[in-house]
$ cat my_file-v5.pdb   # PDB, C-alpha atoms
ATOM      1  CA  ILE M  14      82.511 137.832  36.927
ATOM      2  CA  PRO M  15      83.474 135.550  39.884
ATOM      3  CA  HIS M  16      81.083 137.043  42.459
ATOM      4  CA  VAL M  17      77.997 135.176  43.632
ATOM      5  CA  ASN M  18      77.198 137.193  46.746
ATOM      6  CA  GLN M  19      73.999 139.205  46.261
ATOM      7  CA  ARG M  20      75.309 142.235  48.143
ATOM      8  CA  GLU M  21      78.470 142.319  46.046
ATOM      9  CA  LEU M  22      76.408 142.195  42.871
ATOM     10  CA  GLU M  23      74.166 144.987  44.118
ATOM     11  CA  LYS M  24      77.227 147.111  44.899
ATOM     12  CA  ILE M  25      78.683 146.522  41.415
ATOM     13  CA  ALA M  26      75.364 147.380  39.775
ATOM     14  CA  SER M  27      75.022 150.513  41.879
ATOM     15  CA  GLU M  28      78.460 151.719  40.767
ATOM     16  CA  PHE M  29      78.144 150.688  37.135
ATOM     17  CA  ARG M  30      74.436 151.599  36.712
ATOM     18  CA  PRO M  31      73.686 149.195  33.820
ATOM     19  CA  ASP M  32      70.635 149.428  31.563
ATOM     20  CA  ILE M  33      70.436 145.666  31.104
ATOM     21  CA  LEU M  34      71.824 142.511  32.719
ATOM     22  CA  HIS M  35      73.059 139.498  30.753
ATOM     23  CA  THR M  36      74.114 136.078  32.047
ATOM     24  CA  HIS M  37      75.946 133.303  30.211
ATOM     25  CA  GLU M  38      75.729 131.050  33.277
ATOM     26  CA  SER M  39      72.744 128.879  34.140
ATOM     27  CA  ALA M  40      73.001 128.254  37.872
ATOM     28  CA  LEU M  41      73.698 130.290  41.018
ATOM     29  CA  MET M  42      75.133 133.403  39.357
ATOM     30  CA  ALA M  43      72.233 133.599  36.919
ATOM     31  CA  MET M  44      69.707 133.348  39.756
ATOM     32  CA  GLN M  45      71.440 136.166  41.602
ATOM     33  CA  LEU M  46      71.478 138.370  38.508
ATOM     34  CA  LEU M  47      67.819 137.647  37.825
ATOM     35  CA  ARG M  48      66.815 138.682  41.337
ATOM     36  CA  LEU M  49      69.000 141.772  41.027
ATOM     37  CA  GLY M  50      67.334 142.702  37.760
ATOM     38  CA  ARG M  51      63.846 142.357  39.193
ATOM     39  CA  SER M  52      64.662 144.389  42.297
ATOM     40  CA  ALA M  53      66.410 147.090  40.237
ATOM     41  CA  GLY M  54      63.769 147.222  37.509
ATOM     42  CA  LEU M  55      66.133 146.087  34.744
ATOM     43  CA  PRO M  56      65.584 143.653  31.864
ATOM     44  CA  VAL M  57      67.595 140.437  32.118
ATOM     45  CA  VAL M  58      68.827 138.340  29.192
ATOM     46  CA  ALA M  59      70.223 134.800  29.390
ATOM     47  CA  THR M  60      72.349 132.995  26.825
ATOM     48  CA  CYS M  61      72.158 129.197  26.760
ATOM     49  CA  HIS M  62      75.276 127.249  25.783
ATOM     50  CA  TYR M  63      74.198 123.667  26.434
ATOM     51  CA  VAL M  64      71.595 120.966  25.914
ATOM     52  CA  PRO M  65      70.456 118.968  28.953
ATOM     53  CA  GLY M  66      71.055 115.689  27.144
ATOM     54  CA  PHE M  67      74.824 115.966  27.436
ATOM     55  CA  VAL M  68      74.690 114.915  31.097
ATOM     56  CA  THR M  69      73.659 111.390  30.134
ATOM     57  CA  HIS M  70      77.159 110.724  28.778
ATOM     58  CA  TYR M  71      78.439 110.703  32.357
ATOM     59  CA  LEU M  72      75.800 108.495  33.984
ATOM     60  CA  GLY M  73      76.506 105.058  32.570
ATOM     61  CA  LEU M  74      73.393 102.971  33.113
ATOM     62  CA  VAL M  75      72.172 104.880  36.172
ATOM     63  CA  GLY M  76      68.890 106.474  35.151
ATOM     64  CA  PRO M  77      70.040 108.610  32.190
ATOM     65  CA  LEU M  78      66.525 109.199  30.853
ATOM     66  CA  LEU M  79      65.208 110.290  34.248
ATOM     67  CA  VAL M  80      68.120 112.660  34.829
ATOM     68  CA  GLU M  81      67.787 114.123  31.335
ATOM     69  CA  ALA M  82      64.072 114.727  31.930
ATOM     70  CA  ILE M  83      64.837 116.501  35.202
ATOM     71  CA  ALA M  84      67.522 118.597  33.493
ATOM     72  CA  TRP M  85      65.078 119.589  30.752
ATOM     73  CA  ASN M  86      62.368 120.540  33.238
ATOM     74  CA  TYR M  87      64.806 122.711  35.169
ATOM     75  CA  SER M  88      66.209 124.345  32.010
ATOM     76  CA  ILE M  89      62.817 125.316  30.584
ATOM     77  CA  TRP M  90      61.634 126.596  33.982
ATOM     78  CA  PHE M  91      64.875 128.540  34.366
ATOM     79  CA  PHE M  92      64.998 130.293  30.973
ATOM     80  CA  ASN M  93      61.295 131.124  31.047
ATOM     81  CA  HIS M  94      62.013 133.477  33.970
ATOM     82  CA  PHE M  95      64.112 135.793  31.771
ATOM     83  CA  ASP M  96      62.959 138.540  29.436
ATOM     84  CA  ARG M  97      64.843 137.165  26.450
ATOM     85  CA  ALA M  98      66.900 134.064  25.759
ATOM     86  CA  VAL M  99      69.762 133.727  23.313
ATOM     87  CA  PHE M 100      70.776 130.492  21.580
ATOM     88  CA  ASP M 101      73.781 129.648  19.437
ATOM     89  CA  SER M 102      71.956 128.000  16.538
ATOM     90  CA  LEU M 103      68.552 127.327  15.010
ATOM     91  CA  ALA M 104      68.637 123.667  16.052
ATOM     92  CA  HIS M 105      69.499 124.718  19.605
ATOM     93  CA  ARG M 106      66.595 127.144  19.851
ATOM     94  CA  SER M 107      64.192 124.665  18.256
ATOM     95  CA  LEU M 108      64.958 122.030  20.878
ATOM     96  CA  PHE M 109      64.027 124.410  23.680
ATOM     97  CA  ALA M 110      60.939 125.695  21.870
ATOM     98  CA  GLU M 111      59.684 122.140  21.424
ATOM     99  CA  ARG M 112      60.116 121.568  25.162
ATOM    100  CA  GLY M 113      58.110 124.609  26.231
ATOM    101  CA  LEU M 114      60.289 127.720  26.023
ATOM    102  CA  GLN M 115      57.960 130.722  26.012
ATOM    103  CA  VAL M 116      60.147 133.837  26.221
ATOM    104  CA  PRO M 117      61.354 135.567  23.040
ATOM    105  CA  ALA M 118      64.438 133.749  21.765
ATOM    106  CA  THR M 119      67.188 135.064  19.494
ATOM    107  CA  ILE M 120      69.957 133.230  17.630
ATOM    108  CA  ILE M 121      73.427 134.776  17.919
ATOM    109  CA  SER M 122      76.641 132.951  17.083
ATOM    110  CA  CYS M 123      79.472 132.843  19.606
ATOM    111  CA  GLY M 124      81.551 134.678  17.023
ATOM    112  CA  LEU M 125      85.023 134.093  15.646
ATOM    113  CA  ASP M 126      88.126 136.209  15.074
ATOM    114  CA  THR M 127      88.599 135.624  11.357
ATOM    115  CA  GLY M 128      91.597 137.915  11.392
ATOM    116  CA  ARG M 129      93.452 135.143  13.227
ATOM    117  CA  TYR M 130      91.634 132.074  11.972
ATOM    118  CA  CYS M 131      92.161 132.355   8.226
ATOM    119  CA  PRO M 132      93.733 130.326   5.406
ATOM    120  CA  ARG M 133      96.955 132.353   5.361
ATOM    121  CA  GLY M 134      99.090 133.482   8.236
ATOM    122  CA  GLY M 135     102.317 131.526   8.296
ATOM    123  CA  ARG M 136     103.971 129.714  11.234
ATOM    124  CA  GLU M 137     102.857 126.279   9.998
ATOM    125  CA  GLU M 138     106.444 125.008   9.766
ATOM    126  CA  GLU M 139     107.229 126.408  13.204
ATOM    127  CA  VAL M 140     104.187 124.659  14.705
ATOM    128  CA  GLU M 141     105.010 121.426  12.881
ATOM    129  CA  GLN M 142     108.457 121.399  14.439
ATOM    130  CA  ARG M 143     107.346 122.503  17.909
ATOM    131  CA  TYR M 144     104.741 119.747  18.236
ATOM    132  CA  ARG M 145     106.637 117.195  16.137
ATOM    133  CA  LEU M 146     103.666 116.653  13.900
ATOM    134  CA  PRO M 147     103.517 113.396  11.939
ATOM    135  CA  PRO M 148     103.488 113.312   8.120
ATOM    136  CA  ARG M 149     100.384 114.402   6.190
ATOM    137  CA  PRO M 150      97.567 113.766   5.763
ATOM    138  CA  ARG M 151      96.537 114.992   9.210
ATOM    139  CA  LEU M 152      93.034 114.869  10.661
ATOM    140  CA  LEU M 153      92.379 117.296  13.508
ATOM    141  CA  PHE M 154      90.014 117.380  16.443
ATOM    142  CA  THR M 155      90.315 119.957  19.209
ATOM    143  CA  SER M 156      88.180 120.346  22.331
ATOM    144  CA  ARG M 157      87.830 118.926  25.813
ATOM    145  CA  LEU M 158      88.774 115.259  26.004
ATOM    146  CA  ALA M 159      85.413 114.310  27.491
ATOM    147  CA  ARG M 160      82.893 111.522  26.985
ATOM    148  CA  ASP M 161      80.239 113.763  25.445
ATOM    149  CA  LYS M 162      82.639 114.549  22.574
ATOM    150  CA  LYS M 163      82.605 110.878  21.456
ATOM    151  CA  ILE M 164      86.286 110.941  20.552
ATOM    152  CA  ASP M 165      86.316 107.153  20.693
ATOM    153  CA  VAL M 166      84.363 107.201  17.401
ATOM    154  CA  LEU M 167      87.187 109.192  15.792
ATOM    155  CA  ILE M 168      89.823 106.795  17.116
ATOM    156  CA  ARG M 169      87.888 103.759  15.869
ATOM    157  CA  SER M 170      87.487 105.396  12.468
ATOM    158  CA  MET M 171      91.276 105.492  12.138
ATOM    159  CA  VAL M 172      91.342 101.699  12.003
ATOM    160  CA  HIS M 173      89.330 101.819   8.766
ATOM    161  CA  ILE M 174      91.234 104.794   7.361
ATOM    162  CA  CYS M 175      94.661 103.322   7.995
ATOM    163  CA  ALA M 176      93.600 100.028   6.433
ATOM    164  CA  GLN M 177      93.568 101.918   3.126
ATOM    165  CA  GLN M 178      96.173 104.648   3.581
ATOM    166  CA  GLU M 179      98.460 106.116   6.189
ATOM    167  CA  ALA M 180      96.940 109.095   7.990
ATOM    168  CA  HIS M 181      97.263 110.682  11.410
ATOM    169  CA  LEU M 182      94.656 111.917  13.880
ATOM    170  CA  LEU M 183      95.727 114.842  16.083
ATOM    171  CA  LEU M 184      93.750 115.228  19.315
ATOM    172  CA  VAL M 185      94.244 118.643  20.926
ATOM    173  CA  GLY M 186      93.007 119.387  24.432
ATOM    174  CA  ARG M 187      92.916 118.160  27.997
ATOM    175  CA  GLY M 188      90.268 116.251  29.872
ATOM    176  CA  ASP M 189      89.355 113.431  32.215
ATOM    177  CA  ASP M 190      88.627 111.043  29.348
ATOM    178  CA  ARG M 191      92.221 110.979  28.112
ATOM    179  CA  PRO M 192      93.288 107.799  29.990
ATOM    180  CA  ARG M 193      90.326 105.861  28.567
ATOM    181  CA  LEU M 194      91.006 107.162  25.062
ATOM    182  CA  GLU M 195      94.694 106.323  25.300
ATOM    183  CA  GLY M 196      93.748 102.839  26.458
ATOM    184  CA  LEU M 197      91.406 102.425  23.486
ATOM    185  CA  THR M 198      94.149 103.624  21.127
ATOM    186  CA  GLY M 199      96.443 100.936  22.496
ATOM    187  CA  GLU M 200      93.817  98.212  22.287
ATOM    188  CA  LEU M 201      93.246  99.031  18.623
ATOM    189  CA  GLY M 202      96.965  99.193  17.853
ATOM    190  CA  MET M 203      96.641 102.798  16.715
ATOM    191  CA  GLU M 204      99.436 104.384  18.788
ATOM    192  CA  ARG M 205     101.380 105.232  15.631
ATOM    193  CA  PHE M 206      98.420 107.014  14.036
ATOM    194  CA  VAL M 207      96.597 108.717  16.941
ATOM    195  CA  HIS M 208      98.493 111.553  18.611
ATOM    196  CA  PHE M 209      97.519 113.253  21.886
ATOM    197  CA  LEU M 210      98.984 116.751  21.708
ATOM    198  CA  GLY M 211      97.500 117.895  25.023
ATOM    199  CA  PHE M 212      97.103 121.606  25.688
ATOM    200  CA  VAL M 213      98.107 123.895  22.819
ATOM    201  CA  PRO M 214      98.291 127.662  23.538
ATOM    202  CA  GLU M 215      95.775 129.790  21.689
ATOM    203  CA  GLU M 216      98.507 131.651  19.825
ATOM    204  CA  ASP M 217      99.503 128.391  18.088
ATOM    205  CA  MET M 218      96.015 127.183  17.216
ATOM    206  CA  PRO M 219      95.432 129.009  13.881
ATOM    207  CA  ALA M 220      98.712 127.670  12.485
ATOM    208  CA  LEU M 221      97.892 124.193  13.775
ATOM    209  CA  TYR M 222      94.603 124.207  11.872
ATOM    210  CA  ARG M 223      96.444 125.322   8.735
ATOM    211  CA  ALA M 224      98.938 122.482   9.199
ATOM    212  CA  CYS M 225      96.118 119.923   8.920
ATOM    213  CA  ASP M 226      94.072 118.600   6.001
ATOM    214  CA  LEU M 227      90.686 117.767   7.512
ATOM    215  CA  PHE M 228      88.680 118.492  10.653
ATOM    216  CA  VAL M 229      86.613 115.678  12.162
ATOM    217  CA  ILE M 230      83.988 115.779  14.911
ATOM    218  CA  ALA M 231      81.727 112.981  16.191
ATOM    219  CA  SER M 232      79.967 114.827  19.021
ATOM    220  CA  THR M 233      76.167 114.752  19.093
ATOM    221  CA  CYS M 234      75.696 117.543  21.674
ATOM    222  CA  GLU M 235      77.117 120.562  19.840
ATOM    223  CA  VAL M 236      74.947 123.670  20.089
ATOM    224  CA  LEU M 237      77.351 125.385  17.671
ATOM    225  CA  SER M 238      80.988 124.112  17.985
ATOM    226  CA  ILE M 239      83.617 126.836  18.017
ATOM    227  CA  PRO M 240      86.388 124.392  16.980
ATOM    228  CA  THR M 241      84.366 123.506  13.870
ATOM    229  CA  LEU M 242      83.913 127.214  13.139
ATOM    230  CA  GLN M 243      87.667 127.711  13.487
ATOM    231  CA  ALA M 244      88.219 124.900  11.003
ATOM    232  CA  LEU M 245      85.809 126.506   8.513
ATOM    233  CA  ALA M 246      87.458 129.914   8.833
ATOM    234  CA  THR M 247      90.843 128.305   8.216
ATOM    235  CA  GLY M 248      89.540 126.745   5.014
ATOM    236  CA  LEU M 249      89.374 123.100   6.045
ATOM    237  CA  PRO M 250      86.810 120.576   4.875
ATOM    238  CA  VAL M 251      84.936 118.870   7.725
ATOM    239  CA  VAL M 252      83.484 115.443   8.430
ATOM    240  CA  ALA M 253      80.911 115.682  11.207
ATOM    241  CA  ALA M 254      78.179 113.701  12.909
ATOM    242  CA  ASP M 255      74.757 114.542  11.532
ATOM    243  CA  ALA M 256      73.470 115.811  14.884
ATOM    244  CA  LEU M 257      72.075 118.941  16.542
ATOM    245  CA  ALA M 258      73.748 122.110  15.192
ATOM    246  CA  LEU M 259      76.570 120.588  13.147
ATOM    247  CA  PRO M 260      74.439 120.476   9.954
ATOM    248  CA  GLU M 261      74.232 124.278  10.205
ATOM    249  CA  LEU M 262      78.019 124.429   9.771
ATOM    250  CA  VAL M 263      78.668 121.407   7.571
ATOM    251  CA  TYR M 264      76.641 121.222   4.364
ATOM    252  CA  ASN M 265      76.732 117.644   3.173
ATOM    253  CA  GLY M 266      78.702 117.390  -0.058
ATOM    254  CA  VAL M 267      79.467 121.126  -0.078
ATOM    255  CA  ASN M 268      82.128 121.859   2.558
ATOM    256  CA  GLY M 269      82.373 118.355   3.927
ATOM    257  CA  PHE M 270      80.244 115.358   4.774
ATOM    258  CA  LEU M 271      77.683 114.570   7.454
ATOM    259  CA  VAL M 272      77.689 110.977   8.683
ATOM    260  CA  PRO M 273      75.367 109.014  10.974
ATOM    261  CA  PRO M 274      76.234 109.409  14.667
ATOM    262  CA  ASP M 275      78.324 106.688  16.335
ATOM    263  CA  ASP M 276      79.436 105.221  13.001
ATOM    264  CA  PRO M 277      83.260 104.975  12.748
ATOM    265  CA  ARG M 278      83.110 103.225   9.385
ATOM    266  CA  ALA M 279      80.993 106.016   7.826
ATOM    267  CA  MET M 280      83.303 108.621   9.360
ATOM    268  CA  ALA M 281      86.288 106.850   7.825
ATOM    269  CA  GLN M 282      84.732 106.517   4.387
ATOM    270  CA  ALA M 283      83.845 110.211   4.275
ATOM    271  CA  ALA M 284      87.355 111.167   5.362
ATOM    272  CA  LEU M 285      88.926 108.893   2.757
ATOM    273  CA  THR M 286      86.764 110.425   0.019
ATOM    274  CA  ILE M 287      88.099 113.899   0.838
ATOM    275  CA  LEU M 288      91.702 112.844   1.420
ATOM    276  CA  GLY M 289      91.745 110.918  -1.846
ATOM    277  CA  ASP M 290      90.584 113.840  -3.992
ATOM    278  CA  PRO M 291      92.692 117.017  -3.646
ATOM    279  CA  GLY M 292      90.373 118.932  -5.975
ATOM    280  CA  LEU M 293      87.333 118.061  -3.876
ATOM    281  CA  ALA M 294      89.190 118.998  -0.691
ATOM    282  CA  GLU M 295      90.106 122.380  -2.178
ATOM    283  CA  ARG M 296      86.532 123.117  -3.284
ATOM    284  CA  MET M 297      85.170 122.109   0.102
ATOM    285  CA  GLY M 298      87.732 124.268   1.878
ATOM    286  CA  GLN M 299      86.677 127.286  -0.157
ATOM    287  CA  ALA M 300      83.033 126.586   0.670
ATOM    288  CA  SER M 301      83.950 126.437   4.364
ATOM    289  CA  LEU M 302      85.256 130.007   4.189
ATOM    290  CA  ALA M 303      81.925 131.279   2.886
ATOM    291  CA  ILE M 304      79.938 129.383   5.526
ATOM    292  CA  ALA M 305      82.124 130.837   8.295
ATOM    293  CA  GLU M 306      81.606 134.429   7.155
ATOM    294  CA  PRO M 307      78.308 135.122   9.044
ATOM    295  CA  HIS M 308      79.992 134.015  12.278
ATOM    296  CA  THR M 309      82.589 136.786  12.461
ATOM    297  CA  GLU M 310      83.035 138.551  15.797
ATOM    298  CA  ALA M 311      82.014 141.859  14.267
ATOM    299  CA  HIS M 312      78.679 140.414  13.180
ATOM    300  CA  THR M 313      78.123 138.879  16.624
ATOM    301  CA  PHE M 314      78.875 142.203  18.338
ATOM    302  CA  ASP M 315      76.434 143.998  16.037
ATOM    303  CA  LEU M 316      73.680 141.474  16.795
ATOM    304  CA  TYR M 317      74.194 141.815  20.557
ATOM    305  CA  ASP M 318      74.166 145.594  20.289
ATOM    306  CA  GLU M 319      70.880 145.411  18.405
ATOM    307  CA  LEU M 320      69.448 142.931  20.912
ATOM    308  CA  TYR M 321      70.379 145.092  23.907
ATOM    309  CA  ARG M 322      68.932 148.252  22.358
ATOM    310  CA  ARG M 323      65.684 146.565  21.354
ATOM    311  CA  THR M 324      65.268 144.846  24.727
ATOM    312  CA  ILE M 325      65.871 148.065  26.681
ATOM    313  CA  GLU M 326      63.453 150.000  24.474
ATOM    314  CA  ASP M 327      60.755 147.340  24.796
ATOM    315  CA  TRP M 328      61.259 147.139  28.555
ATOM    316  CA  ARG M 329      60.924 150.896  28.992
ATOM    317  CA  ALA M 330      57.837 150.874  26.793
ATOM    318  CA  GLY M 331      56.242 148.306  29.105
ATOM    319  CA  LEU M 332      55.983 145.624  26.405
ATOM    320  CA  TYR M 333      57.139 142.790  28.660
ATOM    321  CA  PRO M 334      54.679 140.927  30.879
ATOM    322  CA  ALA M 335      55.209 141.264  34.615
ATOM    323  CA  ALA M 336      58.107 138.955  35.404
ATOM    324  CA  ARG M 337      59.035 137.278  38.638
ATOM    325  CA  ALA M 338      62.299 135.977  39.978
ATOM    326  CA  PRO M 339      62.613 132.335  41.043
ATOM    327  CA  GLY M 340      61.744 131.974  44.703
ATOM    328  CA  ASP M 341      60.001 135.325  45.113
ATOM    329  CA  GLY M 342      56.817 133.557  46.198
ATOM    330  CA  ARG M 343      54.549 134.879  43.440
ATOM    331  CA  GLY M 344      52.791 132.751  40.859
TER     332      GLY M 344
END
$ encode --input "my_file-v5.pdb" --output "structure tokens"
Amino acid sequence: IPHVNQRELEKIASEFRPDILHTHESALMAMQLLRLGRSAGLPVVATCHYVPGFVTHYLGLVGPLLVEAIAWNYSIWFFNHFDRAVFDSLAHRSLFAERGLQVPATIISCGLDTGRYCPRGGREEEVEQRYRLPPRPRLLFTSRLARDKKIDVLIRSMVHICAQQEAHLLLVGRGDDRPRLEGLTGELGMERFVHFLGFVPEEDMPALYRACDLFVIASTCEVLSIPTLQALATGLPVVAADALALPELVYNGVNGFLVPPDDPRAMAQAALTILGDPGLAERMGQASLAIAEPHTEAHTFDLYDELYRRTIEDWRAGLYPAARAPGDGRG
């Protein structure tokens, strides 16, 4: 919803007459919805999709620890004003609990359309031709091209991989970090092996996953990682940084490998192990399918339906402590 004006929100609520309010935003809109909920006598739920630490990737040497501390203080203060909080993974929720989160917190996956993202579906040849994909094996990463994704680690890992065998890294997505990453690719002499595909329409993405052999991710700020989930549902093995929520999707030695963060050589060695053993890659791909199963959209919808019903019932039964909205002057 694009509105941030309090009167507009009140008008929408008056017409729609909701039983519960839910925000996926953590700034101005969320504050407006929280105040609306308190004035209307409605429970308010907030879903968190970030960790405050990601901001430090954009600060260089200018006070990253101080800024991260401020971001954490704000985030805990903010979510503690709601009646319930929702997190994408166990690791995500645990981080906030350790920092002082007090409201009831539930884990619900973002969900995935496994009818589209699946091992079979065709169009691989069409996608290969449309995007002029290089020969196999192909390693895939898709997301924003941003500093917090640590794509430079993936590019540096290709130096070690290509020293032993020819392989190609496909980078899908747009972002401000692309010029720096292209510069790094040139410095390392990897232009032949690192391919920037740019924006790829959603309708082509399932086939693009199926046209690849391995998914790789070096990010250390993932609270779940939808691209990794898409890779699992497509039946790909994964090499991932051993950080935050990625170990909840990648079981080391089962459907891929976890490697130390910021270690291109370890990333390369894990990738080479999978690429060099087709039987292992097949077994890991099958394991990925099973790990993706609890993240289906249908399961996510059921969990949210249950959460809404339970929250509304508890609210009407008076089980929540008296809550206040930020800036209402109480407490």
$ residues_around --input "my_file-v5.pdb" --residues "M:Leu332" --least-positions-apart "6" --cutoff "12 Å" --atoms "only C-alpha atoms" --output "PyMOL selection string"
chain M and resi 56+96+117+323-326
$ closest_residue --input "my_file-v5.pdb" --among "M:Gly289, M:Glu200, M:Asn268, M:Ala305" --to "M:Pro240" --atoms "all atoms listed in the file"
M:Ala305
$ atom_distance --input "my_file-v5.pdb" --atom1 "atom CA of M:Lys24" --atom2 "atom CA of M:Met42"
14.9 Å
$ resolve_selection --input "my_file-v5.pdb" --expression "the PyMOL selection byres ((chain M and resi 283) around 9)" --output "number ranges by chain"
M: 252, 269-272, 278-282, 284-288
$ residues_around --input "my_file-v5.pdb" --residues "M:His181" --least-positions-apart "2" --cutoff "10 Å" --atoms "all atoms listed in the file" --output "list in words"
Leu146, Pro147, Pro148, Arg149, Pro150, Arg151, Leu152, Leu153, Met171, Ile174, Cys175, Gln178, Glu179, Leu183, Leu184, Met203, Glu204, Arg205, Phe206, Val207, His208 and Cys225 of chain M
$ resolve_selection --input "my_file-v5.pdb" --expression "the PyMOL selection byres ((chain M and resi 221) around 9)" --output "PyMOL selection string"
chain M and resi 136-137+140-141+153+217-220+222-225
$ atom_distance --input "my_file-v5.pdb" --atom1 "atom CA of M:Gly50" --atom2 "atom CA of M:His94"
11.3 Å
$ resolve_selection --input "my_file-v5.pdb" --expression "the PyMOL selection byres ((chain M and resi 313) around 12)" --output "list in words"
Val99, Asp101, Thr119, Ile120, Ile121, Ser122, Cys123, Gly124, Leu125, Asp126, Glu306, Pro307, His308, Thr309, Glu310, Ala311, His312, Phe314, Asp315, Leu316, Tyr317, Asp318, Glu319 and Leu320 of chain M
$ closest_residue --input "my_file-v5.pdb" --among "M:Tyr144, M:Trp328, M:Ala110, M:Thr241" --to "M:Val58" --atoms "all atoms listed in the file"
M:Trp328
$ atom_distance --input "my_file-v5.pdb" --atom1 "atom CA of M:Val229" --atom2 "atom CA of M:Leu108"
24.2 Å
$ closest_residue --input "my_file-v5.pdb" --among "M:Ala330, M:Met44, M:Leu34, M:Ala98" --to "M:Gln19" --atoms "only C-alpha atoms"
M:Met44
$ residues_near_point --input "my_file-v5.pdb" --point "(80.8, 121.8, 1.4)" --cutoff "8 Å" --atoms "only C-alpha atoms" --output "list in words"
Pro250, Val263, Tyr264, Asn265, Gly266, Val267, Asn268, Gly269, Phe270, Arg296, Met297, Gly298, Ala300 and Ser301 of chain M
$ closest_residue --input "my_file-v5.pdb" --among "M:Leu259, M:Ala176, M:Asp327, M:Val166" --to "M:Pro277" --atoms "only C-alpha atoms"
M:Val166
$ residues_around --input "my_file-v5.pdb" --residues "M:Ala59" --least-positions-apart "4" --cutoff "10 Å" --atoms "all atoms listed in the file" --output "list in words"
Leu34, His35, Thr36, His37, Glu38, Ser39, Ala43, Leu46, Leu47, Phe91, Phe92, Asn93, His94, Phe95, Asp96, Arg97, Ala98, Val99, Phe100 and Ala118 of chain M
$ residues_around --input "my_file-v5.pdb" --residues "M:Ser88" --least-positions-apart "5" --cutoff "10 Å" --atoms "all atoms listed in the file" --output "list in words"
Ser39, Ala40, Cys61, Tyr63, Val64, Pro65, Ala82, Ile83, Asn93, Phe109, Arg112, Gly113 and Leu114 of chain M
$ write_last_selection --input "my_file-v5.pdb" --atoms "C-alpha atoms" --output "mmCIF file, in the coordinates of the input"
data_model
loop_
_atom_site.group_PDB
_atom_site.id
_atom_site.type_symbol
_atom_site.label_atom_id
_atom_site.label_comp_id
_atom_site.auth_asym_id
_atom_site.auth_seq_id
_atom_site.Cartn_x
_atom_site.Cartn_y
_atom_site.Cartn_z
ATOM 1 C CA SER M 39 72.744 128.879 34.140
ATOM 2 C CA ALA M 40 73.001 128.254 37.872
ATOM 3 C CA CYS M 61 72.158 129.197 26.760
ATOM 4 C CA TYR M 63 74.198 123.667 26.434
ATOM 5 C CA VAL M 64 71.595 120.966 25.914
ATOM 6 C CA PRO M 65 70.456 118.968 28.953
ATOM 7 C CA ALA M 82 64.072 114.727 31.930
ATOM 8 C CA ILE M 83 64.837 116.501 35.202
ATOM 9 C CA ASN M 93 61.295 131.124 31.047
ATOM 10 C CA PHE M 109 64.027 124.410 23.680
ATOM 11 C CA ARG M 112 60.116 121.568 25.162
ATOM 12 C CA GLY M 113 58.110 124.609 26.231
ATOM 13 C CA LEU M 114 60.289 127.720 26.023
#
